[in-house]
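> As input, take structure19.tsv (TSV, C-alpha atoms):
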```
chain	number	residue	atom	x	y	z
A	194	MET	CA	129.24	64.71	129.11
A	195	ALA	CA	132.11	64.55	126.67
A	196	GLN	CA	135.12	62.70	127.98
A	197	GLN	CA	138.45	64.53	127.90
A	198	GLU	CA	141.58	62.65	126.99
A	199	LEU	CA	144.52	63.52	129.24
A	200	ILE	CA	148.18	62.82	128.59
A	201	LEU	CA	150.73	62.41	131.33
A	202	ILE	CA	153.27	65.25	131.35
A	203	GLU	CA	156.20	62.87	131.83
A	204	THR	CA	155.15	60.95	128.71
A	205	LEU	CA	155.13	64.16	126.69
A	206	CYS	CA	158.51	65.24	128.05
A	207	THR	CA	160.09	61.92	127.10
A	208	HIS	CA	158.51	61.92	123.66
A	209	TYR	CA	159.49	65.49	122.77
A	210	GLU	CA	162.78	65.44	124.67
A	211	ILE	CA	161.94	68.44	126.81
A	212	GLU	CA	162.54	69.26	130.46
A	213	VAL	CA	159.60	69.23	132.86
A	214	SER	CA	160.78	72.70	133.94
A	215	PHE	CA	160.01	73.98	130.42
A	216	VAL	CA	156.42	72.73	130.75
A	217	ASP	CA	156.27	74.35	134.22
A	218	SER	CA	157.33	77.71	132.87
A	219	LEU	CA	154.75	77.52	130.07
A	220	TYR	CA	152.15	76.72	132.71
A	221	SER	CA	153.24	79.57	135.00
A	222	LEU	CA	152.78	82.00	132.07
A	223	GLY	CA	149.28	80.64	131.46
A	224	LEU	CA	150.25	79.24	128.07
A	225	ILE	CA	149.10	75.70	128.77
A	226	GLU	CA	146.46	73.98	130.87
A	227	ILE	CA	147.55	71.37	133.38
A	228	HIS	CA	145.14	69.02	135.14
A	229	THR	CA	146.24	67.48	138.41
A	230	ILE	CA	144.60	64.23	139.40
A	231	GLU	CA	145.82	62.51	142.58
A	232	GLN	CA	149.11	64.46	142.42
A	233	THR	CA	149.78	63.37	138.85
A	234	ARG	CA	149.82	66.08	136.21
A	235	PHE	CA	148.30	65.83	132.76
A	236	ILE	CA	147.72	67.94	129.65
A	237	PRO	CA	144.46	67.66	127.71
A	238	GLU	CA	145.01	65.87	124.41
A	239	GLU	CA	143.33	68.67	122.46
A	240	LYS	CA	145.99	71.12	123.71
A	241	VAL	CA	148.95	69.00	122.63
A	242	ALA	CA	149.06	70.65	119.16
A	243	ASP	CA	149.60	74.01	120.86
A	244	LEU	CA	152.27	72.53	123.11
A	245	GLU	CA	154.03	71.02	120.06
A	246	LYS	CA	154.07	74.43	118.45
A	247	MET	CA	155.60	75.96	121.60
A	248	ILE	CA	158.25	73.22	121.67
A	249	ARG	CA	159.15	73.85	118.02
A	250	ILE	CA	159.37	77.59	118.56
A	251	HIS	CA	161.55	76.99	121.62
A	252	GLN	CA	163.85	74.41	120.04
A	253	ASP	CA	164.02	75.60	116.43
A	254	LEU	CA	164.13	79.31	117.12
A	255	GLU	CA	165.65	79.37	120.62
A	256	VAL	CA	162.80	81.45	121.96
A	257	ASN	CA	162.24	81.37	125.73
A	258	PRO	CA	158.76	80.89	127.29
A	259	GLU	CA	158.23	84.67	127.68
A	260	GLY	CA	158.99	85.11	123.96
A	261	ILE	CA	156.57	82.29	123.15
A	262	ASP	CA	153.92	84.16	125.13
A	263	VAL	CA	154.52	87.27	123.00
A	264	ILE	CA	154.43	85.23	119.76
A	265	PHE	CA	151.17	83.51	120.72
A	266	ASN	CA	149.56	86.84	121.61
A	267	LEU	CA	150.61	88.33	118.28
A	268	LEU	CA	149.45	85.24	116.37
A	269	ARG	CA	146.08	85.52	118.09
A	270	LYS	CA	145.89	89.15	117.03
A	271	ILE	CA	146.80	88.25	113.44
A	272	ASN	CA	144.14	85.56	113.47
A	273	ASN	CA	141.47	87.96	114.74
A	274	LEU	CA	142.44	90.58	112.19
A	275	ARG	CA	142.35	87.98	109.43
A	276	SER	CA	138.86	86.83	110.34
A	277	GLU	CA	137.70	90.44	110.63
A	278	LEU	CA	139.16	91.11	107.20
A	279	ALA	CA	137.45	88.01	105.78
A	280	ASP	CA	134.12	89.09	107.34
A	281	THR	CA	134.49	92.57	105.90
A	282	LYS	CA	135.35	91.17	102.47
A	283	ASN	CA	132.26	88.93	102.60
A	284	ARG	CA	130.07	91.82	103.62
A	285	LEU	CA	131.50	93.95	100.85
A	286	ILE	CA	130.84	91.22	98.28
A	287	ARG	CA	127.24	90.88	99.49
A	288	TYR	CA	126.82	94.65	99.46
A	289	GLU	CA	128.20	94.90	95.94
A	290	LEU	CA	125.91	92.10	94.73
A	291	GLU	CA	122.88	93.73	96.32
A	292	ASN	CA	123.70	97.07	94.72
A	293	GLN	CA	124.45	95.82	91.23
B	217	MET	CA	167.50	73.86	86.96
B	218	ALA	CA	169.12	76.96	88.42
B	219	PHE	CA	172.14	77.29	90.64
B	220	ILE	CA	171.23	78.47	94.14
B	221	ASP	CA	173.54	80.83	95.96
B	222	TYR	CA	173.17	79.49	99.49
B	223	TYR	CA	175.39	82.25	100.87
B	224	SER	CA	173.05	84.93	99.61
B	225	VAL	CA	170.02	82.96	100.87
B	226	LEU	CA	171.46	83.27	104.36
B	227	GLY	CA	172.87	86.73	103.67
B	228	ILE	CA	176.47	85.85	104.56
B	229	ALA	CA	179.87	86.14	102.95
B	230	LYS	CA	181.65	83.19	101.33
B	231	ASN	CA	184.21	83.10	104.13
B	232	ALA	CA	181.57	83.04	106.88
B	233	SER	CA	182.51	81.02	109.94
B	234	GLU	CA	180.38	78.18	111.33
B	235	ALA	CA	179.17	80.55	114.03
B	236	ASP	CA	178.20	83.16	111.40
B	237	ILE	CA	176.23	80.53	109.47
B	238	LYS	CA	174.44	79.37	112.60
B	239	LYS	CA	173.60	82.94	113.58
B	240	ALA	CA	172.37	83.88	110.10
B	241	TYR	CA	170.33	80.69	109.87
B	242	ARG	CA	168.65	81.34	113.25
B	243	LYS	CA	167.82	84.88	112.21
B	244	GLN	CA	166.20	83.77	108.95
B	245	ALA	CA	164.42	80.85	110.62
B	246	ARG	CA	162.89	83.19	113.20
B	247	LYS	CA	161.59	85.27	110.33
B	248	TYR	CA	160.20	82.50	108.13
B	249	HIS	CA	159.40	79.61	110.49
B	250	PRO	CA	155.96	78.16	109.57
B	251	ASP	CA	154.79	78.35	113.19
B	252	VAL	CA	155.18	82.11	113.22
B	253	ASN	CA	153.89	82.55	109.65
B	254	PRO	CA	150.64	80.55	109.56
B	255	ASP	CA	149.12	80.01	106.10
B	256	ASP	CA	151.88	81.98	104.41
B	257	LYS	CA	153.08	80.12	101.33
B	258	THR	CA	155.84	82.63	100.57
B	259	ALA	CA	157.30	82.28	104.07
B	260	GLU	CA	157.01	78.48	103.84
B	261	HIS	CA	158.96	78.48	100.57
B	262	LYS	CA	161.56	80.84	101.99
B	263	PHE	CA	161.89	78.65	105.10
B	264	LYS	CA	162.63	75.63	102.93
B	265	GLU	CA	165.31	77.60	101.08
B	266	VAL	CA	166.86	78.75	104.35
B	267	ASN	CA	166.89	75.19	105.70
B	268	GLU	CA	168.44	73.87	102.56
B	269	ALA	CA	171.14	76.57	102.66
B	270	ASN	CA	171.82	75.73	106.30
B	271	GLU	CA	171.92	72.02	105.61
B	272	VAL	CA	174.61	72.52	103.00
B	273	LEU	CA	176.68	75.23	104.63
B	274	SER	CA	176.63	73.87	108.18
B	275	ASP	CA	177.91	70.49	107.03
B	276	PRO	CA	181.66	70.87	106.30
B	277	GLU	CA	181.65	68.07	103.73
B	278	LYS	CA	178.67	69.44	101.82
B	279	ARG	CA	179.99	72.98	102.05
B	280	LYS	CA	183.31	71.90	100.61
B	281	LYS	CA	181.61	70.21	97.70
B	282	TYR	CA	179.30	73.17	97.16
B	283	ASP	CA	182.16	75.69	97.26
B	284	LYS	CA	184.18	73.67	94.81
B	285	TYR	CA	181.51	72.68	92.33
B	286	GLY	CA	178.51	74.82	93.24
B	287	LYS	CA	178.39	76.96	90.13
B	288	ASP	CA	179.58	74.08	88.03
B	289	TRP	CA	177.38	71.50	89.73
B	290	LYS	CA	177.02	69.34	86.60
B	291	HIS	CA	180.61	68.24	87.01
B	292	ALA	CA	180.13	67.35	90.64
B	293	ASP	CA	179.83	63.71	89.58
B	294	GLN	CA	183.57	63.55	89.05
B	295	PHE	CA	184.09	64.78	92.56
B	296	GLU	CA	181.72	62.13	93.81
B	297	GLN	CA	183.48	59.35	91.93
B	298	ALA	CA	186.82	60.51	93.17
B	299	GLY	CA	185.57	60.37	96.70
B	300	ALA	CA	183.61	57.11	96.44
B	301	SER	CA	186.64	55.00	97.20
B	302	GLY	CA	186.96	56.85	100.46
B	303	GLY	CA	183.63	55.44	101.59
B	304	ARG	CA	181.65	58.56	100.84
B	305	ARG	CA	177.93	58.06	100.54
B	306	GLN	CA	176.85	57.66	96.97
B	307	ARG	CA	174.11	59.85	95.75
B	308	GLY	CA	171.07	58.48	94.00
B	309	GLN	CA	171.52	59.97	90.58
B	310	GLY	CA	168.22	59.90	88.70
B	311	ASN	CA	166.43	58.89	91.84
B	312	PRO	CA	166.48	61.76	94.26
B	313	GLY	CA	164.76	59.77	96.98
B	314	ALA	CA	167.36	57.01	97.09
B	315	GLY	CA	168.90	56.46	100.46
B	316	PHE	CA	166.29	58.58	102.11
B	317	GLY	CA	166.13	57.49	105.68
B	318	GLY	CA	162.52	58.24	106.37
B	319	GLU	CA	163.30	61.21	108.55
B	320	GLY	CA	163.34	64.83	107.56
B	321	TYR	CA	161.58	66.33	104.62
B	322	GLY	CA	160.56	64.27	101.65
B	323	GLY	CA	162.67	64.61	98.52
B	324	ALA	CA	160.17	67.06	97.04
B	325	ASP	CA	161.06	69.58	99.73
B	326	TYR	CA	164.54	70.11	98.35
B	327	SER	CA	165.28	72.15	95.29
B	328	ASP	CA	166.23	70.31	92.10
B	329	PHE	CA	169.67	71.84	92.47
B	330	PHE	CA	170.11	70.28	95.92
B	331	GLU	CA	168.77	66.91	94.77
B	332	SER	CA	171.11	66.88	91.84
B	333	MET	CA	174.17	67.78	93.88
B	334	PHE	CA	173.58	65.92	97.12
B	335	GLY	CA	170.81	63.44	96.36
B	336	GLY	CA	167.72	63.19	98.46
B	337	SER	CA	169.46	61.75	101.48
B	338	GLY	CA	170.08	64.94	103.30
B	339	GLY	CA	168.13	63.89	106.33
B	340	GLY	CA	165.97	66.95	106.39
B	341	PHE	CA	165.77	69.81	108.76
B	342	ARG	CA	167.23	68.52	111.97
B	343	GLN	CA	168.21	70.10	115.17
B	344	GLY	CA	170.42	68.14	117.50
B	345	GLY	CA	169.23	64.83	116.11
B	346	ARG	CA	165.57	65.74	116.26
B	347	SER	CA	163.64	65.95	113.03
B	348	THR	CA	161.03	68.65	113.05
B	349	LYS	CA	157.48	67.55	112.48
B	350	PHE	CA	154.95	70.02	111.23
B	351	LYS	CA	151.24	69.81	111.29
B	352	GLY	CA	149.88	70.11	107.74
B	353	GLN	CA	148.38	73.36	106.66
B	354	ASP	CA	144.84	74.08	107.75
B	355	PHE	CA	142.29	74.50	104.99
B	356	ASN	CA	139.65	77.18	105.14
B	357	ALA	CA	136.41	76.97	103.22
B	358	GLU	CA	133.25	78.99	103.19
B	359	LEU	CA	129.82	77.51	102.82
B	360	GLN	CA	126.81	79.61	101.87
B	361	LEU	CA	123.47	78.60	103.35
B	362	SER	CA	120.07	80.22	103.25
B	363	ILE	CA	118.46	80.98	106.57
B	364	HIS	CA	115.93	78.23	105.76
B	365	ASP	CA	118.82	75.73	105.42
B	366	ALA	CA	120.17	76.85	108.79
B	367	TYR	CA	116.76	76.36	110.40
B	368	GLN	CA	116.94	72.58	110.07
B	369	THR	CA	119.67	70.03	110.69
B	370	ARG	CA	120.96	68.99	107.31
B	371	LYS	CA	123.51	66.66	105.84
B	372	GLN	CA	125.78	67.83	103.09
B	373	VAL	CA	128.69	66.37	101.18
B	374	LEU	CA	131.62	68.68	100.55
B	375	THR	CA	134.44	67.97	98.15
B	376	VAL	CA	137.72	69.32	99.43
B	377	ASN	CA	140.84	68.54	97.38
B	378	GLY	CA	139.10	65.61	95.73
B	379	GLU	CA	137.99	64.08	99.01
B	380	ASN	CA	134.31	63.83	99.85
B	381	ILE	CA	133.54	64.92	103.37
B	382	ARG	CA	130.15	64.17	104.83
B	383	LEU	CA	128.98	66.95	107.03
B	384	THR	CA	126.05	67.23	109.41
B	385	ILE	CA	125.17	70.86	109.94
B	386	ALA	CA	123.17	71.19	113.12
B	387	ALA	CA	120.11	73.44	113.04
B	388	GLY	CA	120.76	76.89	114.44
B	389	ILE	CA	124.22	77.44	112.97
B	390	ALA	CA	125.09	81.13	113.05
B	391	ASP	CA	126.27	83.44	110.29
B	392	GLY	CA	130.07	83.58	110.45
B	393	GLN	CA	130.30	80.48	112.65
B	394	THR	CA	133.26	78.24	111.90
B	395	ILE	CA	133.37	74.52	112.46
B	396	LYS	CA	136.57	72.53	112.60
B	397	ILE	CA	136.94	69.13	111.00
B	398	LYS	CA	140.00	67.52	112.46
B	399	GLY	CA	142.59	66.00	110.17
B	400	LYS	CA	140.97	67.03	106.88
B	401	GLY	CA	143.55	69.70	106.04
B	402	ALA	CA	146.83	69.22	104.20
B	403	PRO	CA	148.98	66.19	105.09
B	404	GLY	CA	151.56	66.71	107.81
B	405	ILE	CA	155.18	67.39	106.92
B	406	ASN	CA	157.78	64.95	108.09
B	407	GLY	CA	155.31	62.63	109.80
B	408	GLY	CA	153.44	65.43	111.55
B	409	PRO	CA	149.67	65.29	111.89
B	410	ASN	CA	147.33	66.43	109.13
B	411	GLY	CA	146.02	69.97	109.23
B	412	ASP	CA	142.40	70.68	109.97
B	413	LEU	CA	139.58	71.88	107.79
B	414	TYR	CA	137.76	75.00	108.93
B	415	ILE	CA	134.37	75.65	107.38
B	416	LYS	CA	132.90	79.06	107.85
B	417	PHE	CA	129.21	79.51	107.28
B	418	ALA	CA	127.77	82.53	105.50
B	419	ILE	CA	124.03	82.57	106.06
B	420	LYS	CA	121.95	84.62	103.69
B	421	ASN	CA	118.75	86.00	105.09
B	422	ASP	CA	116.14	87.12	102.56
B	423	THR	CA	113.15	86.82	104.91
B	424	LYS	CA	111.26	89.44	106.91
B	425	PHE	CA	112.81	88.04	110.09
B	426	GLN	CA	115.93	89.54	111.59
B	427	ARG	CA	118.01	87.06	113.50
B	428	GLU	CA	119.95	87.93	116.61
B	429	GLY	CA	121.41	84.88	118.26
B	430	ASP	CA	118.53	82.45	118.71
B	431	ASN	CA	115.85	85.14	118.69
B	432	LEU	CA	113.98	86.37	115.66
B	433	TYR	CA	112.51	89.81	115.23
B	434	SER	CA	109.79	90.94	112.86
B	435	SER	CA	106.93	93.39	112.68
B	436	GLU	CA	103.22	92.79	112.14
B	437	ASP	CA	100.77	95.33	110.80
B	438	LEU	CA	97.73	95.87	112.97
B	439	ASP	CA	94.64	97.70	111.80
B	440	LEU	CA	93.36	100.53	113.94
B	441	TYR	CA	90.19	98.78	115.04
B	442	THR	CA	91.92	95.60	116.24
B	443	SER	CA	94.47	97.71	118.06
B	444	MET	CA	91.70	99.69	119.79
B	445	LEU	CA	89.18	96.97	120.49
B	446	GLY	CA	91.41	93.92	120.62
B	447	GLY	CA	90.90	90.80	118.56
B	448	GLU	CA	92.79	88.10	116.74
B	449	LEU	CA	95.66	88.26	114.33
B	450	LEU	CA	97.22	85.65	112.08
B	451	ALA	CA	100.94	86.35	112.48
B	452	ASP	CA	103.87	84.95	110.47
B	453	THR	CA	106.48	82.96	112.35
B	454	PHE	CA	109.47	81.21	110.79
B	455	GLY	CA	107.73	77.86	111.10
B	456	GLY	CA	104.32	79.01	109.78
B	457	LYS	CA	101.36	81.17	110.78
B	458	VAL	CA	100.04	81.38	114.35
B	459	LYS	CA	96.88	82.91	115.71
B	460	LEU	CA	97.51	85.66	118.26
B	461	LYS	CA	95.18	87.43	120.67
B	462	VAL	CA	95.58	91.18	120.51
B	463	ALA	CA	94.76	93.02	123.73
B	464	PRO	CA	92.40	96.01	123.52
B	465	GLU	CA	94.10	99.43	123.37
B	466	THR	CA	97.33	98.04	122.01
B	467	GLN	CA	99.78	100.87	121.31
B	468	ASN	CA	101.87	101.28	118.19
B	469	GLY	CA	105.31	99.74	118.66
B	470	THR	CA	104.12	97.26	121.31
B	471	LYS	CA	106.36	94.22	121.38
B	472	VAL	CA	105.12	90.71	122.04
B	473	ARG	CA	107.41	87.82	122.74
B	474	LEU	CA	106.38	84.46	121.33
B	475	LYS	CA	108.29	81.94	123.40
B	476	GLY	CA	109.91	79.15	121.44
B	477	LYS	CA	108.98	80.59	118.05
B	478	GLY	CA	112.49	81.83	117.28
B	479	PHE	CA	115.45	80.04	115.75
B	480	PRO	CA	116.59	76.58	116.86
B	481	VAL	CA	119.34	76.65	119.48
B	482	TYR	CA	122.54	75.20	117.97
B	483	LYS	CA	123.13	71.60	119.06
B	484	LYS	CA	120.27	71.70	121.58
B	485	GLU	CA	117.60	69.64	119.98
B	486	GLY	CA	114.04	70.82	120.60
B	487	GLU	CA	115.18	74.17	122.04
B	488	PHE	CA	114.24	77.37	120.28
B	489	GLY	CA	114.75	81.05	120.84
B	490	ASP	CA	111.86	83.50	120.90
B	491	LEU	CA	110.13	85.53	118.23
B	492	ILE	CA	109.69	89.17	119.12
B	493	LEU	CA	106.92	90.83	117.14
B	494	THR	CA	106.52	94.57	117.01
B	495	TYR	CA	103.05	95.84	116.19
B	496	SER	CA	102.83	98.54	113.60
B	497	ILE	CA	99.42	100.15	113.61
B	498	LYS	CA	98.09	101.11	110.22
B	499	ASN	CA	95.56	103.92	110.27
B	500	PRO	CA	92.77	103.84	107.70
B	501	THR	CA	93.11	106.15	104.72
B	502	ASN	CA	90.60	107.56	102.24
B	503	LEU	CA	87.98	108.08	104.94
B	504	THR	CA	84.40	108.43	103.79
B	505	ALA	CA	82.38	111.42	104.97
B	506	GLU	CA	80.54	109.18	107.40
B	507	GLU	CA	83.73	107.70	108.85
B	508	LYS	CA	85.16	111.16	109.25
B	509	LYS	CA	81.99	112.27	111.06
B	510	LEU	CA	82.19	109.30	113.42
B	511	PHE	CA	85.86	110.04	114.19
B	512	GLU	CA	84.95	113.64	114.95
B	513	GLU	CA	82.29	112.40	117.33
B	514	LEU	CA	84.86	110.18	118.99
B	515	GLN	CA	87.20	113.13	119.24
B	516	LYS	CA	84.56	115.20	121.01
B	517	LEU	CA	84.14	112.41	123.56
B	518	ARG	CA	87.81	112.59	124.61
```
Show me the file's structure as structure tokens.

Amino acid sequence: MAQQELILIETLCTHYEIEVSFVDSLYSLGLIEIHTIEQTRFIPEEKVADLEKMIRIHQDLEVNPEGIDVIFNLLRKINNLRSELADTKNRLIRYELENQ
Amino acid sequence: MAFIDYYSVLGIAKNASEADIKKAYRKQARKYHPDVNPDDKTAEHKFKEVNEANEVLSDPEKRKKYDKYGKDWKHADQFEQAGASGGRRQRGQGNPGAGFGGEGYGGADYSDFFESMFGGSGGGFRQGGRSTKFKGQDFNAELQLSIHDAYQTRKQVLTVNGENIRLTIAAGIADGQTIKIKGKGAPGINGGPNGDLYIKFAIKNDTKFQREGDNLYSSEDLDLYTSMLGGELLADTFGGKVKLKVAPETQNGTKVRLKGKGFPVYKKEGEFGDLILTYSIKNPTNLTAEEKKLFEELQKLR
């Protein structure tokens, strides 16, 4: 089984200069995953990029966790639409080639 | 090199207060921030402009210099010399990167106008002492494979932006599937991590087999006599021909499932989907008089 790297929440808070309460509110909105092992809380390393993005949106744009939730949902929608568009474009190209 | 009207970049009047500048900057940043405009080069460029405008106008010293010499920036040197005795930081004329502290954007992220007027030592986009790190842009590539290529694990070398990337494509990769190669995207900005490379596979199928997930579907013609009396059939599978037993009185459209004769299961070595064959019974044509007579006899028996 693949091993998952976990990072201590306190370490992340110190590094990014954020309050633990901010991480808690992201967690309560289901925006991040938290693993609790023997009463110590961690974030999977592979999710840190998402957390960094949330921190930037919060600090650079003064968006609260609820706003971040909205942004992430909309970004997900954009992403899905983009890949649907790319699929459709590919299919169209193949269709045009086949019918030349 | 063109003069940049930082006031119009932020959409504010020349007499805007510090609070107005901050408010206008926030508004523009929310619109063009790279995190809310993924893979959008225009927004990225606009964001850099907005940051640069904010950097100048939110710093009283820079704003003063800009207001005084902005349009006439070539003469700003005199201003600089006049102020040098007062301990003002000297700009690196001819070397925009001079004095760059290693934080913030690299010199290339400022306009030539900014570099010329303030040098490259601006310190970058900073908020309360924190320099913003951005993950580099993700790259997206598409790779075309034939269904035969996707049937076997293969190694391939891709060249992305001059870098050779060795890739192992596991058998069973699906059409439209995307794999992520960490850190092979554009370099991070301001010490941020590199972006990732996403490779999307387009699998062209020019065979008689339709693929749905790990299963393959195809049809096999069956002559009337084998379908009635049963017998053997040499059927095509993706991996070669197999001998099949056909049960007597097999109906048209009967489906048989050949376990493990489908497509390899992605990243599960030795596992395969199934092949589902549909029998298509072909009736004889151009009957001879004798054949016709025999069929009529058969008909009478029913």
> Mind dumping a table of every chain A residue within 10 Å of chain B, with the nearest atom pair and its distance in Å to one decimal, using only C-alpha atoms, sorted by chain and rising number, as JSON lines?

```
{"residue": "A:Tyr209", "atom": "CA", "partner": "B:Arg346", "partner_atom": "CA", "distance": 8.9}
{"residue": "A:Glu210", "atom": "CA", "partner": "B:Arg346", "partner_atom": "CA", "distance": 8.9}
{"residue": "A:Ala242", "atom": "CA", "partner": "B:Lys351", "partner_atom": "CA", "distance": 8.2}
{"residue": "A:Glu245", "atom": "CA", "partner": "B:Phe350", "partner_atom": "CA", "distance": 8.9}
{"residue": "A:Lys246", "atom": "CA", "partner": "B:Asp251", "partner_atom": "CA", "distance": 6.6}
{"residue": "A:Met247", "atom": "CA", "partner": "B:Asp251", "partner_atom": "CA", "distance": 8.8}
{"residue": "A:Arg249", "atom": "CA", "partner": "B:Thr348", "partner_atom": "CA", "distance": 7.4}
{"residue": "A:Ile250", "atom": "CA", "partner": "B:Asp251", "partner_atom": "CA", "distance": 7.1}
{"residue": "A:Gln252", "atom": "CA", "partner": "B:Gln343", "partner_atom": "CA", "distance": 7.8}
{"residue": "A:Asp253", "atom": "CA", "partner": "B:Gln343", "partner_atom": "CA", "distance": 7.0}
{"residue": "A:Leu254", "atom": "CA", "partner": "B:Arg246", "partner_atom": "CA", "distance": 5.7}
{"residue": "A:Glu255", "atom": "CA", "partner": "B:Arg242", "partner_atom": "CA", "distance": 8.2}
{"residue": "A:Val256", "atom": "CA", "partner": "B:Arg246", "partner_atom": "CA", "distance": 8.9}
{"residue": "A:Ile264", "atom": "CA", "partner": "B:Val252", "partner_atom": "CA", "distance": 7.3}
{"residue": "A:Phe265", "atom": "CA", "partner": "B:Val252", "partner_atom": "CA", "distance": 8.6}
{"residue": "A:Leu267", "atom": "CA", "partner": "B:Val252", "partner_atom": "CA", "distance": 9.2}
{"residue": "A:Leu268", "atom": "CA", "partner": "B:Val252", "partner_atom": "CA", "distance": 7.2}
{"residue": "A:Ile271", "atom": "CA", "partner": "B:Pro254", "partner_atom": "CA", "distance": 9.4}
{"residue": "A:Asn272", "atom": "CA", "partner": "B:Pro254", "partner_atom": "CA", "distance": 9.1}
{"residue": "A:Ser276", "atom": "CA", "partner": "B:Gly392", "partner_atom": "CA", "distance": 9.4}
{"residue": "A:Ala279", "atom": "CA", "partner": "B:Gly392", "partner_atom": "CA", "distance": 9.8}
{"residue": "A:Asp280", "atom": "CA", "partner": "B:Gly392", "partner_atom": "CA", "distance": 7.5}
{"residue": "A:Asn283", "atom": "CA", "partner": "B:Ala418", "partner_atom": "CA", "distance": 8.3}
{"residue": "A:Arg284", "atom": "CA", "partner": "B:Ala418", "partner_atom": "CA", "distance": 9.8}
{"residue": "A:Arg287", "atom": "CA", "partner": "B:Lys420", "partner_atom": "CA", "distance": 9.2}
```
> Quick check, in Å to one decimal: how far apart do atom CA of Tyr367 of chain B and atom CA of Ala386 of chain B lie?
8.7 Å
> Please provide as a ChimeraX atom specification all residues within 9 Å of Glu239 of chain A, with the sequence filter that same-chain residues fewer than 5 positions apart are discarded (counting all atoms listed in the file).
/A:197-199
> In Å to one decimal, how far is atom CA of Glu203 of chain A from atom CA of Leu222 of chain A?
19.4 Å
> Around the point (119.4, 87.4, 103.2) (coordinates from the file), which residues reach within 10 Å if we count all atoms listed in the file? Answer as a ChimeraX atom specification.
/A:287,291 /B:361-363,418-426
> What gap, in Å, lies between atom CA of Ser224 of chain B and atom CA of Glu268 of chain B?
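According to the coordinates, atom CA of Ser224 of chain B and atom CA of Glu268 of chain B are separated by 12.3 Å.
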> Find the residue from B:Phe417, B:Asp354, B:Lys371, B:Phe479 that sits nearest to Gly399 of chain B; use all atoms listed in the file when measuring.
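Distance minimum relative to Gly399 of chain B lands on B:Asp354.
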> Which one of A:Val241, A:Asn273, A:Asn257, A:Tyr288 sits closest to Ile227 of chain A if you count only C-alpha atoms?
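Counting only C-alpha atoms, the residue closest to Ile227 of chain A is A:Val241.
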> Can you pull out every residue within 8 Å of segment 464-471 of chain B, counting all atoms listed in the file, but drop anything in the same chain fewer than 6 positions away, and send it as a count of residues only?
12
> Neighbours of Ala269 of chain B within 7 Å (all atoms listed in the file; same-chain residues fewer than 2 positions away dropped), as a list in words?
Tyr222, Val225, Leu226, Glu265, Val266, Asn267, Glu271, Val272 and Leu273 of chain B
> Residues near Lys484 of chain B, anyone? I mean within 10 Å using only C-alpha atoms, not counting same-chain ones fewer than 4 positions away, as a count of residues only.
5
